[in-house]
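Text of the file entry_7.cif, holding mmCIF, C-alpha atoms and all ligand atoms:
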data_protein
#
loop_
_atom_site.label_atom_id
_atom_site.label_comp_id
_atom_site.auth_asym_id
_atom_site.auth_seq_id
_atom_site.Cartn_x
_atom_site.Cartn_y
_atom_site.Cartn_z
CA MET A 1 -5.38 -34.97 3.43
CA SER A 2 -5.30 -35.73 7.12
CA ALA A 3 -3.88 -39.08 8.20
CA TYR A 4 -6.88 -39.34 10.51
CA ARG A 5 -10.35 -40.50 9.46
CA ILE A 6 -11.82 -37.89 11.80
CA PRO A 7 -9.38 -34.97 11.82
CA PHE A 8 -9.32 -32.20 14.40
CA ASN A 9 -10.19 -29.51 11.86
CA LYS A 10 -11.36 -29.51 8.26
CA PRO A 11 -11.81 -26.19 6.45
CA GLY A 12 -14.74 -26.18 4.04
CA LEU A 13 -16.82 -24.11 1.64
CA VAL A 14 -20.15 -22.74 2.88
CA GLY A 15 -21.46 -20.58 0.04
CA HIS A 16 -20.25 -18.47 -2.89
CA GLU A 17 -16.51 -18.51 -2.10
CA LEU A 18 -15.31 -19.69 -5.53
CA THR A 19 -17.76 -17.54 -7.51
CA TYR A 20 -16.68 -14.44 -5.60
CA ILE A 21 -12.98 -15.20 -6.14
CA ALA A 22 -13.57 -15.61 -9.88
CA ASP A 23 -15.54 -12.35 -9.89
CA ALA A 24 -12.74 -10.49 -8.10
CA ILE A 25 -10.31 -11.67 -10.79
CA HIS A 26 -12.66 -10.72 -13.63
CA ARG A 27 -13.12 -7.28 -12.14
CA GLY A 28 -9.36 -6.82 -12.51
CA HIS A 29 -8.72 -6.05 -8.85
CA SER A 30 -7.04 -8.81 -6.90
CA ALA A 31 -4.76 -6.65 -4.73
CA GLY A 32 -5.90 -5.28 -1.38
CA ASP A 33 -8.83 -2.95 -0.66
CA GLY A 34 -10.99 -3.91 -3.62
CA CYS A 35 -14.78 -4.16 -3.53
CA TYR A 36 -14.83 -7.46 -1.57
CA THR A 37 -12.65 -6.00 1.17
CA ALA A 38 -15.03 -3.02 1.39
CA ARG A 39 -18.01 -5.37 1.65
CA CYS A 40 -16.33 -7.35 4.46
CA HIS A 41 -15.61 -4.07 6.29
CA ASP A 42 -19.24 -2.97 5.94
CA MET A 43 -20.54 -6.31 7.10
CA LEU A 44 -18.30 -6.45 10.20
CA GLN A 45 -19.10 -2.84 11.11
CA ARG A 46 -22.83 -3.32 10.64
CA GLU A 47 -23.07 -6.61 12.54
CA MET A 48 -20.70 -5.82 15.40
CA GLY A 49 -21.55 -2.14 15.68
CA CYS A 50 -17.86 -1.25 15.88
CA HIS A 51 -16.62 2.12 14.66
CA ARG A 52 -14.28 0.67 12.01
CA ALA A 53 -13.15 -2.77 10.84
CA LEU A 54 -10.05 -3.21 8.68
CA LEU A 55 -9.15 -6.58 7.20
CA THR A 56 -5.59 -7.69 7.83
CA THR A 57 -3.43 -10.57 6.67
CA SER A 58 -3.82 -12.28 10.09
CA CYS A 59 -4.84 -11.73 13.67
CA THR A 60 -1.11 -11.64 14.42
CA HIS A 61 -0.69 -8.66 12.09
CA ALA A 62 -3.76 -6.95 13.57
CA LEU A 63 -2.10 -7.30 17.01
CA GLU A 64 1.14 -5.87 15.60
CA MET A 65 -0.85 -2.92 14.27
CA CYS A 66 -2.28 -2.42 17.78
CA ALA A 67 1.22 -2.24 19.25
CA LEU A 68 2.14 0.43 16.68
CA LEU A 69 -1.11 2.35 17.24
CA LEU A 70 -0.56 2.40 21.01
CA ASP A 71 3.00 3.66 20.45
CA ILE A 72 4.46 0.87 22.54
CA GLN A 73 8.08 1.73 23.35
CA PRO A 74 11.04 -0.31 24.69
CA GLY A 75 10.52 -0.90 28.40
CA ASP A 76 6.74 -0.53 28.35
CA GLU A 77 4.83 -3.36 29.98
CA VAL A 78 1.81 -5.12 28.52
CA ILE A 79 -0.30 -7.54 30.57
CA VAL A 80 -1.12 -10.75 28.69
CA PRO A 81 -2.49 -14.10 29.85
CA SER A 82 0.14 -16.83 29.87
CA PHE A 83 -2.47 -19.20 28.45
CA THR A 84 -2.62 -17.85 24.89
CA PHE A 85 -1.07 -18.03 21.46
CA VAL A 86 2.41 -16.57 20.99
CA SER A 87 1.19 -13.60 18.92
CA THR A 88 -0.78 -12.06 21.81
CA ALA A 89 2.56 -11.31 23.47
CA ASN A 90 4.98 -11.28 20.56
CA ALA A 91 3.19 -8.43 18.73
CA PHE A 92 4.07 -6.11 21.64
CA VAL A 93 7.51 -7.61 22.27
CA LEU A 94 8.38 -6.68 18.67
CA ARG A 95 8.05 -3.00 19.72
CA GLY A 96 10.31 -3.61 22.75
CA ALA A 97 7.62 -4.23 25.38
CA LYS A 98 8.00 -6.57 28.32
CA PRO A 99 5.10 -9.05 28.54
CA VAL A 100 3.76 -9.40 32.07
CA PHE A 101 2.12 -12.81 32.29
CA ILE A 102 -1.08 -13.09 34.25
CA ASP A 103 -2.77 -16.33 35.25
CA VAL A 104 -6.23 -17.40 34.06
CA ARG A 105 -9.43 -18.27 35.90
CA ALA A 106 -9.90 -22.00 36.50
CA ASP A 107 -13.50 -21.92 35.21
CA THR A 108 -13.26 -20.13 31.83
CA LEU A 109 -9.47 -20.09 31.28
CA ASN A 110 -9.79 -16.35 30.66
CA LEU A 111 -7.44 -13.80 32.20
CA ASP A 112 -8.12 -13.65 35.96
CA GLU A 113 -9.33 -10.08 36.41
CA THR A 114 -8.83 -10.26 40.20
CA LEU A 115 -5.04 -10.45 39.64
CA LEU A 116 -4.86 -7.39 37.40
CA GLU A 117 -4.17 -4.71 40.01
CA GLN A 118 -1.09 -6.53 41.31
CA CYS A 119 0.39 -6.76 37.78
CA ILE A 120 0.17 -3.00 37.11
CA THR A 121 3.31 -0.86 37.45
CA PRO A 122 4.12 2.71 36.32
CA ARG A 123 5.36 1.19 33.02
CA THR A 124 2.14 -0.68 32.20
CA LYS A 125 0.57 0.55 28.96
CA ALA A 126 -2.07 -2.00 28.02
CA ILE A 127 -4.05 -5.08 28.98
CA VAL A 128 -4.68 -7.73 26.33
CA PRO A 129 -7.54 -10.04 27.35
CA VAL A 130 -8.03 -13.16 25.22
CA HIS A 131 -11.59 -14.50 24.99
CA TYR A 132 -10.60 -18.15 25.20
CA ALA A 133 -12.78 -20.46 23.09
CA GLY A 134 -14.95 -17.42 22.28
CA VAL A 135 -16.25 -17.16 25.85
CA GLY A 136 -16.11 -13.55 27.01
CA CYS A 137 -13.66 -12.35 29.67
CA GLU A 138 -15.01 -10.28 32.57
CA MET A 139 -14.89 -7.12 30.48
CA GLU A 140 -16.67 -4.85 32.94
CA VAL A 141 -13.98 -5.40 35.57
CA ILE A 142 -11.13 -5.32 33.05
CA ASN A 143 -12.32 -2.03 31.54
CA SER A 144 -12.88 -0.47 34.93
CA VAL A 145 -9.36 -1.41 36.14
CA ALA A 146 -7.92 -0.13 32.84
CA GLY A 147 -9.87 3.12 33.12
CA ARG A 148 -8.71 3.72 36.70
CA HIS A 149 -5.05 3.31 35.70
CA GLY A 150 -5.21 5.03 32.30
CA LEU A 151 -4.42 1.80 30.42
CA LYS A 152 -5.58 0.77 26.96
CA VAL A 153 -7.43 -2.48 26.35
CA VAL A 154 -6.77 -4.58 23.23
CA GLU A 155 -9.11 -7.57 23.00
CA ASP A 156 -7.54 -10.58 21.31
CA ASN A 157 -10.80 -11.95 19.94
CA ALA A 158 -9.26 -14.55 17.61
CA HIS A 159 -11.79 -17.16 18.78
CA GLY A 160 -14.84 -15.03 19.51
CA LEU A 161 -16.30 -13.58 16.32
CA PHE A 162 -19.96 -12.59 16.95
CA ALA A 163 -19.95 -13.88 20.54
CA ARG A 164 -21.29 -11.58 23.26
CA TYR A 165 -20.68 -10.60 26.85
CA LYS A 166 -23.78 -9.23 28.60
CA GLY A 167 -25.43 -8.66 25.21
CA LYS A 168 -22.53 -6.73 23.64
CA TYR A 169 -20.23 -8.18 20.96
CA LEU A 170 -16.76 -9.27 21.98
CA GLY A 171 -14.32 -7.02 20.20
CA THR A 172 -16.31 -3.88 21.02
CA PHE A 173 -15.11 -3.39 24.61
CA GLY A 174 -11.47 -2.35 24.14
CA GLN A 175 -10.17 0.71 22.32
CA LEU A 176 -8.92 -1.90 19.82
CA ALA A 177 -9.59 -5.57 19.14
CA THR A 178 -8.43 -8.25 16.72
CA GLN A 179 -10.09 -11.14 14.87
CA SER A 180 -8.69 -14.21 13.13
CA PHE A 181 -9.96 -15.87 9.96
CA HIS A 182 -7.29 -18.58 9.97
CA GLU A 183 -8.52 -21.93 8.63
CA THR A 184 -9.06 -23.28 12.15
CA LYS A 185 -11.58 -20.55 13.07
CA ASN A 186 -15.38 -20.47 12.62
CA VAL A 187 -15.30 -18.08 9.65
CA ILE A 188 -12.22 -18.47 7.50
CA CYS A 189 -10.22 -17.41 4.47
CA GLY A 190 -7.10 -19.55 4.90
CA GLU A 191 -5.02 -16.88 6.61
CA GLY A 192 -6.62 -13.59 7.56
CA GLY A 193 -7.70 -11.28 10.33
CA ALA A 194 -9.20 -7.94 11.17
CA LEU A 195 -8.41 -4.93 13.29
CA ILE A 196 -11.49 -3.63 15.08
CA ILE A 197 -11.33 0.04 16.06
CA ASN A 198 -13.75 1.28 18.71
CA ASP A 199 -12.02 4.59 19.46
CA PRO A 200 -12.21 6.81 16.33
CA MET A 201 -8.92 8.53 17.21
CA TYR A 202 -7.03 5.47 15.87
CA VAL A 203 -8.67 5.24 12.45
CA GLU A 204 -6.51 7.58 10.39
CA ARG A 205 -3.22 6.19 11.69
CA ALA A 206 -4.47 2.59 11.36
CA GLU A 207 -5.16 3.17 7.65
CA ILE A 208 -1.62 4.52 7.24
CA ILE A 209 0.08 1.71 9.20
CA ARG A 210 -1.86 -0.90 7.22
CA GLU A 211 -0.73 0.66 3.91
CA LYS A 212 3.05 0.48 4.45
CA GLY A 213 3.18 3.76 6.35
CA THR A 214 1.68 5.76 3.47
CA ASN A 215 -1.44 7.91 3.14
CA ARG A 216 -2.58 5.84 0.15
CA SER A 217 -6.11 5.38 1.59
CA ARG A 218 -6.59 9.17 1.60
CA PHE A 219 -5.26 9.31 -1.97
CA TYR A 220 -7.83 6.65 -3.08
CA ARG A 221 -10.59 8.74 -1.50
CA GLY A 222 -9.35 11.80 -3.42
CA GLU A 223 -8.37 13.65 -0.22
CA VAL A 224 -4.74 14.20 -1.32
CA ASP A 225 -3.38 14.43 -4.88
CA LYS A 226 -0.47 12.00 -4.33
CA TYR A 227 0.46 9.54 -1.64
CA THR A 228 3.69 9.40 0.28
CA TRP A 229 5.49 7.92 3.29
CA VAL A 230 4.09 9.53 6.44
CA ASP A 231 4.56 7.05 9.35
CA LEU A 232 5.68 3.56 10.33
CA GLY A 233 3.78 0.73 8.69
CA SER A 234 3.86 -2.49 6.76
CA SER A 235 1.82 -4.44 4.24
CA PHE A 236 -0.98 -5.55 6.55
CA LEU A 237 -3.82 -5.65 4.00
CA PRO A 238 -4.94 -8.93 2.40
CA SER A 239 -5.58 -9.58 -1.26
CA ASP A 240 -9.16 -9.00 -2.42
CA LEU A 241 -9.17 -12.69 -3.44
CA LEU A 242 -9.04 -13.63 0.24
CA ALA A 243 -11.65 -11.00 1.05
CA ALA A 244 -13.89 -12.54 -1.64
CA PHE A 245 -13.58 -15.94 0.05
CA LEU A 246 -14.17 -14.35 3.45
CA LEU A 247 -17.27 -12.42 2.39
CA ALA A 248 -18.94 -15.67 1.27
CA GLN A 249 -18.24 -17.11 4.73
CA LEU A 250 -19.37 -13.98 6.59
CA GLU A 251 -22.65 -14.06 4.65
CA LYS A 252 -23.31 -17.50 6.15
CA TYR A 253 -22.20 -16.79 9.68
CA LYS A 254 -25.63 -17.49 11.21
CA GLU A 255 -25.80 -20.92 9.58
CA ILE A 256 -22.21 -21.62 10.64
CA ARG A 257 -23.05 -20.66 14.21
CA ALA A 258 -26.18 -22.84 14.25
CA THR A 259 -24.21 -25.84 12.98
CA ARG A 260 -21.44 -25.33 15.51
CA GLN A 261 -23.93 -24.80 18.32
CA ARG A 262 -25.50 -28.16 17.48
CA ILE A 263 -22.10 -29.88 17.46
CA TRP A 264 -21.12 -28.23 20.75
CA GLN A 265 -24.36 -29.21 22.48
CA THR A 266 -24.19 -32.78 21.18
CA TYR A 267 -20.73 -33.14 22.73
CA ALA A 268 -21.87 -31.56 26.01
CA GLU A 269 -24.93 -33.81 26.29
CA GLY A 270 -23.21 -36.96 25.03
CA LEU A 271 -20.26 -36.64 27.38
CA SER A 272 -21.74 -35.18 30.56
CA GLU A 273 -22.42 -38.51 32.31
CA TRP A 274 -19.06 -39.99 31.30
CA ALA A 275 -17.27 -36.80 32.39
CA ARG A 276 -18.98 -36.78 35.80
CA SER A 277 -18.03 -40.37 36.52
CA SER A 278 -14.48 -39.97 35.15
CA GLY A 279 -13.36 -36.82 36.97
CA VAL A 280 -13.30 -34.87 33.68
CA SER A 281 -14.65 -31.30 33.50
CA LEU A 282 -16.50 -29.84 30.55
CA PRO A 283 -16.32 -26.14 29.56
CA HIS A 284 -17.98 -23.58 31.84
CA ILE A 285 -20.07 -20.90 30.11
CA PRO A 286 -21.21 -18.08 32.42
CA PRO A 287 -24.97 -17.44 32.02
CA TYR A 288 -24.48 -13.85 30.78
CA VAL A 289 -22.14 -14.95 27.98
CA GLU A 290 -23.16 -16.04 24.47
CA GLN A 291 -20.18 -18.02 23.24
CA SER A 292 -19.01 -18.40 19.63
CA TYR A 293 -19.01 -22.22 19.67
CA HIS A 294 -15.43 -22.13 18.50
CA MET A 295 -14.18 -25.27 20.23
CA PHE A 296 -15.12 -28.08 22.56
CA TYR A 297 -12.51 -28.94 25.17
CA LEU A 298 -12.25 -31.27 28.15
CA MET A 299 -10.17 -30.85 31.26
CA MET A 300 -8.70 -34.28 32.03
CA PRO A 301 -7.72 -35.29 35.57
CA SER A 302 -3.99 -35.43 34.70
CA LEU A 303 -1.36 -35.16 31.99
CA GLU A 304 -1.11 -38.94 32.02
CA THR A 305 -4.85 -39.56 31.41
CA ARG A 306 -4.78 -36.98 28.62
CA ALA A 307 -1.86 -38.75 26.91
CA ARG A 308 -3.68 -42.09 27.21
CA LEU A 309 -6.90 -40.61 25.81
CA ILE A 310 -5.07 -39.10 22.83
CA GLU A 311 -3.59 -42.54 22.08
CA HIS A 312 -6.96 -44.25 22.60
CA LEU A 313 -8.57 -41.91 20.04
CA LYS A 314 -5.60 -42.13 17.69
CA ALA A 315 -6.02 -45.92 17.59
CA ARG A 316 -9.53 -45.22 16.21
CA SER A 317 -8.15 -42.67 13.72
CA ILE A 318 -9.62 -39.71 15.62
CA LEU A 319 -7.41 -36.68 16.19
CA ALA A 320 -7.80 -34.78 19.48
CA VAL A 321 -5.24 -32.12 20.36
CA PHE A 322 -4.01 -30.14 23.34
CA HIS A 323 -3.59 -26.37 23.17
CA TYR A 324 -1.26 -23.62 24.39
CA VAL A 325 2.03 -24.27 26.12
CA PRO A 326 2.24 -21.61 28.90
CA LEU A 327 3.99 -18.55 27.49
CA HIS A 328 5.73 -17.79 30.79
CA LEU A 329 7.46 -21.20 30.61
CA SER A 330 8.52 -20.84 26.97
CA GLU A 331 12.13 -20.01 26.11
CA MET A 332 11.12 -16.41 25.44
CA GLY A 333 8.91 -16.18 28.53
CA LEU A 334 11.77 -17.29 30.78
CA ARG A 335 14.01 -14.66 29.18
CA PHE A 336 11.55 -12.05 30.48
CA GLY A 337 12.12 -13.29 34.02
CA ALA A 338 9.12 -15.59 34.43
CA HIS A 339 9.39 -18.71 36.62
CA PRO A 340 7.67 -22.08 36.86
CA GLY A 341 4.83 -21.69 39.36
CA ASP A 342 4.10 -18.05 38.39
CA CYS A 343 0.77 -19.00 36.75
CA PRO A 344 -0.32 -22.26 38.41
CA ILE A 345 -3.78 -22.49 36.81
CA THR A 346 -2.29 -22.00 33.35
CA GLU A 347 0.36 -24.66 34.01
CA SER A 348 -2.20 -27.19 35.18
CA ALA A 349 -4.74 -26.41 32.41
CA SER A 350 -2.08 -26.59 29.74
CA ASP A 351 -1.16 -30.14 30.87
CA ARG A 352 -4.74 -31.39 31.04
CA LEU A 353 -6.78 -29.66 28.32
CA LEU A 354 -7.85 -31.67 25.27
CA ARG A 355 -9.77 -30.35 22.24
CA LEU A 356 -12.09 -32.67 20.30
CA PRO A 357 -12.65 -32.69 16.52
CA PHE A 358 -14.77 -29.63 15.70
CA TYR A 359 -15.57 -28.35 12.23
CA ASN A 360 -18.62 -27.27 10.26
CA ASP A 361 -18.71 -30.47 8.18
CA LEU A 362 -18.41 -32.88 11.14
CA SER A 363 -21.24 -35.32 10.40
CA SER A 364 -23.60 -36.72 13.05
CA ASP A 365 -22.15 -40.20 12.45
CA GLU A 366 -18.59 -38.98 12.89
CA GLN A 367 -19.50 -37.13 16.04
CA ALA A 368 -21.37 -40.16 17.42
CA GLU A 369 -18.22 -42.19 16.80
CA VAL A 370 -16.07 -39.69 18.72
CA ILE A 371 -18.52 -39.71 21.64
CA GLU A 372 -18.66 -43.52 21.66
CA ALA A 373 -14.87 -43.72 21.65
CA MET A 374 -14.69 -41.29 24.57
CA ARG A 375 -17.24 -43.22 26.58
CA ALA A 376 -15.22 -46.38 26.03
CA PHE A 377 -12.16 -44.76 27.61
CA PRO A 378 -11.46 -45.74 31.20
CA CYS A 379 -10.05 -42.71 33.03
C1 LIG B 401 -5.73 -16.26 20.97
C2 LIG B 401 -5.07 -16.18 19.63
N1 LIG B 401 -4.59 -14.99 19.21
C3 LIG B 401 -4.00 -14.86 18.01
C4 LIG B 401 -3.86 -15.94 17.16
C5 LIG B 401 -3.18 -15.75 15.84
O1 LIG B 401 -4.11 -15.78 14.79
P1 LIG B 401 -3.61 -15.73 13.26
O2 LIG B 401 -3.23 -17.13 12.89
O3 LIG B 401 -4.80 -15.24 12.49
O4 LIG B 401 -2.48 -14.80 13.20
C6 LIG B 401 -4.34 -17.19 17.56
C7 LIG B 401 -4.20 -18.35 16.66
O5 LIG B 401 -4.92 -19.30 16.70
C8 LIG B 401 -4.95 -17.32 18.83
O6 LIG B 401 -5.39 -18.52 19.28
#
Conversion result in structure tokens:
Amino acid sequence: MSAYRIPFNKPGLVGHELTYIADAIHRGHSAGDGCYTARCHDMLQREMGCHRALLTTSCTHALEMCALLLDIQPGDEVIVPSFTFVSTANAFVLRGAKPVFIDVRADTLNLDETLLEQCITPRTKAIVPVHYAGVGCEMEVINSVAGRHGLKVVEDNAHGLFARYKGKYLGTFGQLATQSFHETKNVICGEGGALIINDPMYVERAEIIREKGTNRSRFYRGEVDKYTWVDLGSSFLPSDLLAAFLLAQLEKYKEIRATRQRIWQTYAEGLSEWARSSGVSLPHIPPYVEQSYHMFYLMMPSLETRARLIEHLKARSILAVFHYVPLHLSEMGLRFGAHPGDCPITESASDRLLRLPFYNDLSSDEQAEVIEAMRAFPC
């Protein structure tokens, strides 16, 4: 139970989660790659139009699989936004790569594609755009820069399930992409993720890496008569119990999106006047982007006003939270030679961004209370 009356996040049930879990147990298959996993794969492939989707234990693990699939070696460089979660960089660092931190755009907080060329060196292997808040990065430019330099693109789409950029689903632009089904996301199963494969050349090895480095998937399909150790790998596949929970959520994704769209728009409308008069900016959504309605954030005028607003809401038992600490200023980031001032937009956004309570079960009354509390805050 949260200590707050209106928490920041509250995971909930939306459909047949518990029935499907019970069914998975009764079928006698609760380990990975049972029938619920297969149904999640089919659903993701059908809806997104990707070549292959493979459920993983987390988005972090899907990113680690990407680093293995791209054969990242010690000394390789991978371009990542500084304004992201640790795993975007750490997955590649685990293989010995050096993360090259790139700043974000002030409007969307997505990787600033105009800075890409200057980050590329002969050691660069990949670009990892993060679709912050499920608002698409400038994928046309990113893919064209990557193509010109022979680089791979891995989309970290943890926030952007079923969002689109110029009509095409996020997660279908890079050779590889990753999703998260962590309890804070729109569609959840507690902890979970998916690897999205758009270039068929990665499928066979991805199946092996996901199954502890063995060709067990081929064995299950009857393509080999025994399975054995053939490559690097780990246990990246989730239990079918989690897939059962996830399928029930995926089945309801349109309802989830409609609910979250309503919550997002209510915040935007309810706070626009207050924001204008208080020097606060609301999220910018480019007209050619269909966002995922993953979060609603504000950009406060300063670190100090943000701290005061958090306290003001806390006094009313409402939890609002900031987000990423710049990776280039973290202990690890500094070890890779980054300096304060390297990514000024990231540094400023990280100090000023505040996320408001946002979950499927947020009631109209609760949301009205949050909006009222915000309007009562003198910036
Ligand atoms: C951009 C981004 N990438 C990756 C992750 C990691 O996701 P997971 O918890 O599924 O490993 C997160 C977590 O929220 C994230 O925000």
Requested in this report: Produce as a PyMOL selection string the set of residues near ligand LIG 401 (chain B), where near means within 6 Å with all atoms listed in the file considered.
Outcome: chain A and resi 58-60+84-85+87-88+130+156+158+180-182+192-193
**Report entry** Point (-22.7, -13.4, 28.5) neighbourhood (6 Å, all atoms listed in the file) written as an MDAnalysis selection string
**Finding:** chainID A and resid 164:166 287:290
Save the residues we just selected, C-alpha atoms, as a PDB file, keeping the file's coordinate frame?
ATOM      1  CA  ARG A 164     -21.290 -11.580  23.260  1.00  0.00           C
ATOM      2  CA  TYR A 165     -20.680 -10.600  26.850  1.00  0.00           C
ATOM      3  CA  LYS A 166     -23.780  -9.230  28.600  1.00  0.00           C
ATOM      4  CA  PRO A 287     -24.970 -17.440  32.020  1.00  0.00           C
ATOM      5  CA  TYR A 288     -24.480 -13.850  30.780  1.00  0.00           C
ATOM      6  CA  VAL A 289     -22.140 -14.950  27.980  1.00  0.00           C
ATOM      7  CA  GLU A 290     -23.160 -16.040  24.470  1.00  0.00           C
TER       8      GLU A 290
END
Requested in this report: Taking the point (0.5, -4.0, 15.7) as given in the file, collect each protein or nucleic acid residue that comes within 10 Å of it, counting all atoms listed in the file, and present the set as a list in words.
Outcome: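 Residues with an atom close enough to that point: Cys59, Thr60, His61, Ala62, Leu63, Glu64, Met65, Cys66, Ala67, Leu68, Leu69, Leu70, Asp71, Ile72, Asn90, Ala91, Phe92, Leu94, Arg95, Thr178, Leu195, Ala206, Ile209, Arg210, Gly233, Ser234 and Phe236 of chain A.
The closest residue to A:Tyr253, picked from A:Glu223, A:Glu47, A:Asp23, A:Glu369 and counting only C-alpha atoms, is A:Glu47.
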Report task. For atom CA of A:His131 and atom CA of A:Ser348, quote the distance in Å rounded to one decimal. Result ->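 Spanning atom CA of A:His131 to atom CA of A:Ser348 is a straight-line distance of 18.8 Å.
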Fill-in result for stretch 257-274 of chain A, N, CA and C atoms as a CSV table (one decimal), keeping the file's coordinate frame:
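Written output follows (result_8.csv):
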chain,number,residue,atom,x,y,z
A,257,ARG,N,-22.9,-20.6,12.7
A,257,ARG,CA,-23.0,-20.7,14.2
A,257,ARG,C,-24.1,-21.7,14.6
A,258,ALA,N,-25.2,-21.8,13.9
A,258,ALA,CA,-26.2,-22.8,14.2
A,258,ALA,C,-25.6,-24.3,14.2
A,259,THR,N,-24.8,-24.5,13.1
A,259,THR,CA,-24.2,-25.8,13.0
A,259,THR,C,-23.3,-26.1,14.1
A,260,ARG,N,-22.4,-25.1,14.5
A,260,ARG,CA,-21.4,-25.3,15.5
A,260,ARG,C,-22.1,-25.4,16.9
A,261,GLN,N,-23.2,-24.7,17.1
A,261,GLN,CA,-23.9,-24.8,18.3
A,261,GLN,C,-24.5,-26.2,18.5
A,262,ARG,N,-25.0,-26.8,17.4
A,262,ARG,CA,-25.5,-28.2,17.5
A,262,ARG,C,-24.4,-29.1,17.8
A,263,ILE,N,-23.2,-29.0,17.2
A,263,ILE,CA,-22.1,-29.9,17.5
A,263,ILE,C,-21.7,-29.7,18.9
A,264,TRP,N,-21.6,-28.5,19.4
A,264,TRP,CA,-21.1,-28.2,20.8
A,264,TRP,C,-22.1,-28.9,21.8
A,265,GLN,N,-23.4,-28.7,21.5
A,265,GLN,CA,-24.4,-29.2,22.5
A,265,GLN,C,-24.4,-30.7,22.4
A,266,THR,N,-24.2,-31.3,21.3
A,266,THR,CA,-24.2,-32.8,21.2
A,266,THR,C,-23.0,-33.3,22.0
A,267,TYR,N,-21.9,-32.7,21.9
A,267,TYR,CA,-20.7,-33.1,22.7
A,267,TYR,C,-21.1,-33.0,24.2
A,268,ALA,N,-21.6,-31.8,24.6
A,268,ALA,CA,-21.9,-31.6,26.0
A,268,ALA,C,-22.9,-32.6,26.6
A,269,GLU,N,-23.9,-32.9,25.8
A,269,GLU,CA,-24.9,-33.8,26.3
A,269,GLU,C,-24.4,-35.2,26.3
A,270,GLY,N,-23.7,-35.6,25.2
A,270,GLY,CA,-23.2,-37.0,25.0
A,270,GLY,C,-22.1,-37.3,26.0
A,271,LEU,N,-21.4,-36.3,26.5
A,271,LEU,CA,-20.3,-36.6,27.4
A,271,LEU,C,-20.5,-36.3,28.8
A,272,SER,N,-21.6,-35.7,29.2
A,272,SER,CA,-21.7,-35.2,30.6
A,272,SER,C,-21.7,-36.3,31.6
A,273,GLU,N,-22.4,-37.4,31.4
A,273,GLU,CA,-22.4,-38.5,32.3
A,273,GLU,C,-21.0,-39.1,32.5
A,274,TRP,N,-20.4,-39.4,31.3
A,274,TRP,CA,-19.1,-40.0,31.3
A,274,TRP,C,-18.1,-39.1,32.0
